[in-house]
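Visitor: Encoded as C-alpha cells, here's the structure I'll be asking about.
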Amino acid sequence: MSDASYTTDELMIVNAARQLGALAAAGRPVCFVGIGLPSTAANLARRLYSPAPVLVYESGCIGSKPTRLPLSIGDGELGETADAVVSVPEIFAYWLQAGRIDVGFLGGAQLDKYANINSTVIGDYEHPSTRLPGAGGAPEIAASAGAVMVIMRQSKRAFVERCDFRSSVGYGDGPGDRERFGLQGGGPKWVITDLGVLEPDSVTCELTMVALHPGITREQACASTGWSLQFADDVRTTAPPSAEELDVLRILQAA
Amino acid sequence: MSDASYTTDELMIVNAARQLGALAAAGRPVCFVGIGLPSTAANLARRLYSPAPVLVYESGCIGSKPTRLPLSIGDGELGETADAVVSVPEIFAYWLQAGRIDVGFLGGAQLDKYANINSTVIGDYEHPSTRLPGAGGAPEIAASAGAVMVIMRQSKRAFVERCDFRSSVGYGDGPGDRERFGLQGGGPKWVITDLGVLEPDSVTCELTMVALHPGITREQACASTGWSLQFADDVRTTAPPSAEELDVLRILQAA
Amino acid sequence: MNRICSLHDAVADLVGDGDTIAMEGFTHLIPHAAGHEIIRQGRRNLHLVRMTPDMIYDQLIGAGCATKLTFSWGGNPGVGSLQRFRDAVENQWPHPIEIEEHSHAGMATRYAAGAANLPFGILRGYVGTGLSEHTSTIAQIECPFTGESLTAVPALRPDVAIIHAQRADREGNVQMWGLTGVQKEAVLAAKRSIVTVEEIVDHIEPVPYAVVLPWWTVSAVCEVPDGAHPSFAMGYSVRDNAFYKAWDAVSKDRGSFTAWIEQHVLGTTNHEEFRRSVGLEVPANV
Amino acid sequence: MNRICSLHDAVADLVGDGDTIAMEGFTHLIPHAAGHEIIRQGRRNLHLVRMTPDMIYDQLIGAGCATKLTFSWGGNPGVGSLQRFRDAVENQWPHPIEIEEHSHAGMATRYAAGAANLPFGILRGYVGTGLSEHTSTIAQIECPFTGESLTAVPALRPDVAIIHAQRADREGNVQMWGLTGVQKEAVLAAKRSIVTVEEIVDHIEPVPYAVVLPWWTVSAVCEVPDGAHPSFAMGYSVRDNAFYKAWDAVSKDRGSFTAWIEQHVLGTTNHEEFRRSVGLEVPANV
C-alpha cells in the first residue's frame with residue numbers, strides 16, 4: 001500500500017463508516033463514540049449516509065452533530081450541537097446500561113481471538129511491564145451495547161492468543177460465556193483493521209477474517225495475527241476508498 | 001379565642017415561623033416544604049428572619065424565593081425563583097436522603113404520642129373506613145430530615161394513643177426505636193397546634209405540652225388529646241401574634 | 001404508525017387492555033387529554049402507576065378502566081380526597097381495585113431503576129412504617145461492603161408511559177421545562193411512550209432546566225394544545241384551580257360523576273370537543 | 001474561613017495530609033490551578049480519586065503528593081500515556097503508589113451513591129473482566145425480587161472534592177455548564193469542597209444545561225481566572241492542546257519533570273505567577 005493514495009487510518013475509517021452506513025440503511029443506529037478513529041468514522045458516516053447515525057458521547061452528549069471533528073471527548077462543540085446534554089452518571093445508567101446504544105466502539109493494546117480487549121497492563125497486573133491507561137468506559141460498552149465495532153491495527157503484538165488482562169469482554173473463553181456472564185449486549189460484531197475485516201464465527205465465536213483490503217494477502221494477515229487465523233469460506237476484498245469518501249473525510253478532518 | 005383578632009391557622013403559622021426564626025439565628029436552616037401551612041410558615045419566616053431559611057420543595061425546587069404563596073407544590077413561581085431545579089428522583093436521593101435538609105414539615109390525619117403519623121387509612125388497611133391520600137414524601141422526610149416540625153390541629157380524634165397506620169415514623173414505640181430502625185434524621189422536635197406546642201420528652205420520647213397559646217388551659221389541651229397528656233415542668237405561654245407578624249403574613253397571603 | 005400522529009391513533013395503537021400505564025406529572029404537565037382518550041376508547045383492566053394520582057386517575061378509576069393502582073399519594077392537591085379512588089377502595093365501586101402503595105422516594109427510585117435497566121433500586125426508606133408490612137414490593141438488602149441494611153424496591157417498567165410536554169420538533173424530539181418531576185425516568189423506563197405537546201415547532205431552542213427526550217426514545221408525539229388542563233404547561237398556561245375545586249362536587253356522587261364522564265368524555269371525540277363541552281375556550285392554534 | 005477566599009487559604013484550611021481528594025473534570029473544567037496549589041503547599045499521602053486522571057494528577061503523583069490512586073482511565077487524552085503515573089506504577093518512583101481500578105460506569109455509580117448517602121451503588125458491569133479479580137471494591141449482589149445477580153460498588157465519600165466552574169455569585173452559589181461530567185456528584189459526595197471559578201458575579205443568570213450548586217453545599221469558592229488551563233471553561237476559554245502535547249516531553253524524564261515543577265509550581269506563589277512563569281498571558285481580569 002506504499003503507493004496508495006490514502007493512509008491506513010483513512011482505510012480503516014472509511015471501512016468502519018461503511019459498516020455504519022449498512023446499519024443506517026436498516027434504521028438510524030445510535031452510536032456510543034469515543035474520540036479518535038471511532039469518532040472520525042461515525043462523523044464520516046453522518047455525512048455520507050441517510051438516515052445519519054445518532055452520536056452519543058460518554059461525556060454526556062446525546063445527538064451531537066459536530067461541524068468539525070472534536071479534539072477530545074469534552075470538546076465544547078459536542079455539547080453545543082447536542083440534542084441533550086446529561087451528566088456522566090446518567091449517560092452510563094440511563095443510556096448505555098439501559099440498552100439504548102446500538103453500536104459501541106472499542107480499541108485497545110491487545111485483542112484476543114475471542115475479541116476480549118486489553119487496555120490495562122502489559123505483563124502482570126501487580127508488576128506490569130507497561131501500565132496502560134485502563135478500562136475507562138470499555139467494560140460496560142462491551143457488555144451493554146447492541147453491537148461492538150473494534151478498530152485496531154493488526155499485528156502479532158496486538159492480536160494475541162490471550163490478553164494479558166481482560167479490560168472488556170468479547171466472547172470470554174468462547175461460546176456461551178456472554179450468556180453465562182449475563183451480558184445484555186450483542187458483543188463485538190466487526191473488527192476493522194488496516195488489513196481487512198474480522199468477524200466472530202457464528203459457531204466458535206473466534207474472530208475470523210471475512211474481508212481483506214485491496215492488495216492484502218492471506219499470508220500478510222496470518223503473519224500479523226498472534227493466533228492461528230481462520231478465514232471465512234468466502235473472503236471478500238473491500239472496495240478501495242472512493243474519491244467521494246476520501247473527499248468528505250479530508251474536508252471533515254481539515255475543518 | 002372567638003374574639004381574637006387572628007385565626008387558628010394564623011396562630012399556628014406564626015408559631016411555626018418563630019421556631020424557624022430561632023433556628024435561623026443559629027445559621028440558615030434548609031427546609032423541605034410541602035404546600036399549605038408549612039409552606040406559608042416557611043415563607044413567613046423568610047420575610048421575618050435573617051438569615052432567611054432556604055426552601056426546598058419536593059417537586060425539585062432548591063432555594064425558591066416565591067414572591068407570592070405557591071398554590072401547589074408544582075407552582076411555576078417555585079421553579080422561576082429557585083437557585084436550582086432538579087428532578088424528583090434527585091431531590092429525594094441527593095438532597096433529602098443525603099441529609100442536606102435541616103427541617104422537614106409533616107401533618108396528617110392522626111398523630112400518636114410517639115409522634116408517628118398516619119396519612120394512609122382510618123381503620124383496617126385492607127378494609128378502611130376512610131381511605132386517605134397516603135404517605136407521599138412523609139416516610140423519608142421523617143427518616144432523613146435533621147429535625148421534623150409537625151403542624152396539626154389538636155383534637156381527641158387526631159391526637160391518638162396509637163395510629164391506625166404508621167405512614168411515617170416519629171419515635172416508633174419509644175426510646176431507641178429510631179436507632180434500631182437506622183433512621184439518620186433527628187425525628188420530630190416540635191408539634192405546633194392550635195392549642196400550643198408539644199415536644200418529645202428527652203427521656204420517654206413522649207410528646208409533652210411545653211407551651212400553651214394565650215388563653216388555652218391545660219384542661220382544654222388534655223380534652224383535645226387522645227392519650228394521657230403530660231406537661232413540661234415549666235409550661236410557657238406563647239406570645240400572641242404581633243401586629244408585624246400578622247401584617248407580613250396577610251400581605252403574603254393576599255399577594 | 002408515524003411518530004407524530006393524532007392522540008386517537010397513539011392511544012389506539014399503543015395502549016392495550018391490561019397494560020401497565022404510567023401517566024406522570026407532578027402537579028405540572030399532567031396528561032389529562034390522554035387520560036380522556038383512554039376512557040373514550042374504553043380500555044379495561046389497566047394497572048395504573050403514578051406517584052401522585054389526582055383528578056385524571058380519579059376519572060379513569062371511576063370510569064372502570066383500572067383494576068390496580070400503584071402510587072404514593074392520591075389526592076386532589078389543595079382540595080381534598082379523590083372521591084372515585086376512595087369509593088373504589090372503600091366500596092369496590094365500580095369494581096374492586098388492587099393497590100400497591102409506596103412512598104414518593106420509593107416510587108422515584110423504582111422509576112430510576114427502570115430507566116437504568118436495573119431490576120431494583122436501593123434507598124433509605126420505609127423502615128418502621130406500615131408500608132413495609134402491607135406492600136410486598138419492599139425488601140431489605142444488605143450492603144456487601146458495610147453490612148448495613150437498606151431497602152430495595154423493584155424497578156418500574158410500565159408498558160406505556162404517557163406525559164405532556166411543552167413542545168416537540170418535527171422529528172419528534174421532545175422538550176419540557178419548569179418542574180419536570182419524574183417524567184423522563186417514566187418514559188425511559190417504559191416499553192412504549194406517548195407524549196402530548198402544546199405545540200410542534202421547526203426547531204427547539206435550548207432553555208434553562210429543560211429536559212429533552214430524543215425522538216428515538218419516544219413512540220408517539222401528539223400535538224394537543226392545553227392537553228394538560230386543568231394542570232398547566234409553564235410558558236403556555238396556568239393551573240385552573242377552580243376546575244380542580246369543582247371536581248370535588250362532581251365526583252362526590254356516582255351519578256353526577258357518571259353523567260359528567262358520559263357527557264364530556266364519552267360524548268366527545270377529541271380534546272377540542274371536550275373543551276367546548278366543559279365550556280373552556282379552545283386555544284387559537286387548534 | 002470565609003466561603004469566598006483565596007485558593008491558598010482554601011487549600012491550607014481544607015486539604016490535609018492523608019486526605020482522600022477528588023478533583024473531577026471530564027476534559028472540560030479540570031481544576032489545574034488547585035492541583036498546583038496542593039503541590040505548592042506540599043501535601044503528602046493523598047488518596048487521589050478521579051475517573052480520568054490526566055496531566056494534573058500526573059503532576060501530583062510525580063511531585064510525591066499521592067500514595068493511592070482510585071481511577072478508571074489514566075492518560076493524556078489525544079496524546080498518550082501519563083509518564084509520571086507510569087513511572088510510579090512500573091518503577092515506584094518517587095515512591096510506590098497503590099491503585100484501585102474501576103470502570104467509568106463503576107466510578108460514576110460510586111460517586112452517585114456517595115451523593116445520595118448510600119453505602120453502595122449497583123450496576124450491570126465488570127462481569128468477566130480482570131477488574132473483578134484485581135479490585136476488592138467490586139462485589140456481586142442478588143436482586144431480592146428476581147434473583148438476578150448484579151454488581152455492587154461502594155460509595156465514594158472523599159474528604160474533599162475540588163472542581164472548577166464558570167462562575168459563582170457573591171453568596172457562593174456556583175454555576176457550571178457545558179459538559180459537567182460527574183462534578184456535582186463529587187461535590188455532594190464529599191465532606192468538604194473547593195470550587196475555583198472563572199469569575200464571581202453579582203447575579204447568576206440561568207443558562208441551558210447548567211448545573212447549580214447552592215452556596216450551602218460548597219465549603220470554599222475561589223476566583224481563579226483560567227484556573228482550568230490547559231483544560232478549558234466553555235464560554236471563557238478553549239482547550240490548550242499544544243500545552244497537553246508539550247507535557248509528554250516534559251514528563252518523560254524525571255529530571256525535566258522535577259525541574260518543571262520546581263520552576264513553575266514550587267517557584268511561584270499563585271496561579272498568576274504560574275501563568276507568567278510558563279509564558280501564558282495573564283487574563284485581563286486578574
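If you're wondering about the labels, chains in the C-alpha cells are A, B, ... by order shown, residues count from 1 in each chain, ligands from 1 in order shown.
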Which residues come within 9 Å of Val265 of chain C, counting only C-alpha atoms, excluding same-chain residues fewer than 5 positions away, as number ranges by chain?

Guide: C: 36-37, 39-40, 260, 270-271, 273-274, 277

Visitor: What are the residues of chain C lining chain B at 7 Å or less? Count only C-alpha atoms, and put the answer as JSON, numbers by chain.

Guide: {"C": [26, 27, 28, 72, 73, 74, 75, 77, 78, 81, 86, 90, 103, 104, 105, 108, 109, 112, 124, 125, 126, 127, 128, 129, 130, 131, 178, 179, 180, 181, 182, 209, 234]}

Visitor: For chain C against chain D, which residues fall within 7 Å using only C-alpha atoms, given as a list in words?

Guide: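 The selection requested is Pro119, Phe120, Ala139, Cys143, Pro144, Phe145, Pro154, Pro206, Val207, Pro208 and Tyr209 of chain C.
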
Visitor: Print the selection's residues with all heavy atoms to a file, as an mmCIF file, in the first residue's frame.

Guide:
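Final output, part_22.cif:
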data_model
loop_
_atom_site.group_PDB
_atom_site.id
_atom_site.type_symbol
_atom_site.label_atom_id
_atom_site.label_comp_id
_atom_site.auth_asym_id
_atom_site.auth_seq_id
_atom_site.Cartn_x
_atom_site.Cartn_y
_atom_site.Cartn_z
ATOM 1 N N PRO C 119 -32.949 -4.303 37.839
ATOM 2 C CA PRO C 119 -34.180 -4.931 38.339
ATOM 3 C C PRO C 119 -34.676 -4.312 39.648
ATOM 4 O O PRO C 119 -35.829 -4.495 40.011
ATOM 5 C CB PRO C 119 -33.777 -6.396 38.546
ATOM 6 C CG PRO C 119 -32.287 -6.375 38.687
ATOM 7 C CD PRO C 119 -31.795 -5.206 37.890
ATOM 8 N N PHE C 120 -33.816 -3.592 40.344
ATOM 9 C CA PHE C 120 -34.249 -2.952 41.587
ATOM 10 C C PHE C 120 -33.394 -1.724 41.875
ATOM 11 O O PHE C 120 -32.363 -1.507 41.236
ATOM 12 C CB PHE C 120 -34.179 -3.931 42.763
ATOM 13 C CG PHE C 120 -32.774 -4.292 43.201
ATOM 14 C CD1 PHE C 120 -32.229 -3.747 44.345
ATOM 15 C CD2 PHE C 120 -32.010 -5.179 42.458
ATOM 16 C CE1 PHE C 120 -30.930 -4.080 44.753
ATOM 17 C CE2 PHE C 120 -30.718 -5.509 42.852
ATOM 18 C CZ PHE C 120 -30.175 -4.963 43.997
ATOM 19 N N ALA C 139 -38.309 -4.711 50.159
ATOM 20 C CA ALA C 139 -37.470 -5.758 50.758
ATOM 21 C C ALA C 139 -36.242 -5.142 51.404
ATOM 22 O O ALA C 139 -35.873 -4.006 51.113
ATOM 23 C CB ALA C 139 -37.051 -6.759 49.682
ATOM 24 N N CYS C 143 -25.745 -4.243 52.488
ATOM 25 C CA CYS C 143 -24.579 -3.713 51.772
ATOM 26 C C CYS C 143 -23.451 -4.736 51.851
ATOM 27 O O CYS C 143 -23.060 -5.145 52.941
ATOM 28 C CB CYS C 143 -24.124 -2.395 52.376
ATOM 29 S SG CYS C 143 -22.563 -1.812 51.662
ATOM 30 N N PRO C 144 -22.922 -5.175 50.695
ATOM 31 C CA PRO C 144 -21.865 -6.195 50.726
ATOM 32 C C PRO C 144 -20.544 -5.667 51.284
ATOM 33 O O PRO C 144 -19.635 -6.458 51.528
ATOM 34 C CB PRO C 144 -21.710 -6.607 49.257
ATOM 35 C CG PRO C 144 -22.398 -5.588 48.446
ATOM 36 C CD PRO C 144 -23.324 -4.814 49.327
ATOM 37 N N PHE C 145 -20.446 -4.357 51.488
ATOM 38 C CA PHE C 145 -19.181 -3.802 51.982
ATOM 39 C C PHE C 145 -19.254 -3.432 53.462
ATOM 40 O O PHE C 145 -18.315 -3.656 54.204
ATOM 41 C CB PHE C 145 -18.789 -2.579 51.141
ATOM 42 C CG PHE C 145 -18.732 -2.890 49.675
ATOM 43 C CD1 PHE C 145 -19.769 -2.509 48.825
ATOM 44 C CD2 PHE C 145 -17.670 -3.611 49.147
ATOM 45 C CE1 PHE C 145 -19.735 -2.817 47.477
ATOM 46 C CE2 PHE C 145 -17.626 -3.918 47.793
ATOM 47 C CZ PHE C 145 -18.667 -3.531 46.956
ATOM 48 N N PRO C 154 -38.441 -2.928 43.650
ATOM 49 C CA PRO C 154 -38.247 -3.394 42.267
ATOM 50 C C PRO C 154 -38.437 -2.261 41.261
ATOM 51 O O PRO C 154 -39.204 -1.320 41.499
ATOM 52 C CB PRO C 154 -39.343 -4.440 42.100
ATOM 53 C CG PRO C 154 -40.377 -4.107 43.103
ATOM 54 C CD PRO C 154 -39.688 -3.414 44.237
ATOM 55 N N PRO C 206 -32.738 25.579 23.098
ATOM 56 C CA PRO C 206 -32.448 25.182 24.481
ATOM 57 C C PRO C 206 -32.923 26.251 25.468
ATOM 58 O O PRO C 206 -32.797 27.443 25.191
ATOM 59 C CB PRO C 206 -30.912 25.083 24.517
ATOM 60 C CG PRO C 206 -30.487 24.980 23.095
ATOM 61 C CD PRO C 206 -31.512 25.730 22.298
ATOM 62 N N VAL C 207 -33.509 25.843 26.568
ATOM 63 C CA VAL C 207 -33.890 26.779 27.632
ATOM 64 C C VAL C 207 -33.377 26.201 28.956
ATOM 65 O O VAL C 207 -33.166 24.990 29.063
ATOM 66 C CB VAL C 207 -35.422 27.014 27.703
ATOM 67 C CG1 VAL C 207 -35.950 27.636 26.424
ATOM 68 C CG2 VAL C 207 -36.155 25.726 28.010
ATOM 69 N N PRO C 208 -33.178 27.066 29.964
ATOM 70 C CA PRO C 208 -32.659 26.561 31.246
ATOM 71 C C PRO C 208 -33.571 25.500 31.858
ATOM 72 O O PRO C 208 -34.804 25.593 31.743
ATOM 73 C CB PRO C 208 -32.613 27.819 32.121
ATOM 74 C CG PRO C 208 -32.450 28.948 31.154
ATOM 75 C CD PRO C 208 -33.253 28.535 29.947
ATOM 76 N N TYR C 209 -32.966 24.573 32.515
ATOM 77 C CA TYR C 209 -33.662 23.499 33.235
ATOM 78 C C TYR C 209 -34.565 22.662 32.337
ATOM 79 O O TYR C 209 -35.547 22.094 32.794
ATOM 80 C CB TYR C 209 -34.469 24.051 34.414
ATOM 81 C CG TYR C 209 -33.607 24.763 35.412
ATOM 82 C CD1 TYR C 209 -33.831 26.089 35.744
ATOM 83 C CD2 TYR C 209 -32.542 24.099 36.009
ATOM 84 C CE1 TYR C 209 -33.014 26.747 36.655
ATOM 85 C CE2 TYR C 209 -31.729 24.746 36.916
ATOM 86 C CZ TYR C 209 -31.965 26.064 37.235
ATOM 87 O OH TYR C 209 -31.154 26.699 38.129
#

Visitor: Write out as a ChimeraX atom specification the residues lying within 12 Å of Lys191 of chain D, counting only C-alpha atoms and excluding same-chain residues fewer than 4 positions away.

Guide: /B:98,100 /D:14-15,19-22,114-115,117,156-162,185-187,217-219

Visitor: Would you please extract all alpha helix (DSSP H) residues from segment 48-171 of chain A, as assigned by DSSP on the backbone, and give them as a list of chain:residue names?

Guide: A:Leu48, A:Gly76, A:Glu77, A:Leu78, A:Gly79, A:Glu80, A:Val88, A:Pro89, A:Glu90, A:Ala138, A:Pro139, A:Glu140, A:Ile141, A:Ala142, A:Ala143, A:Ser144
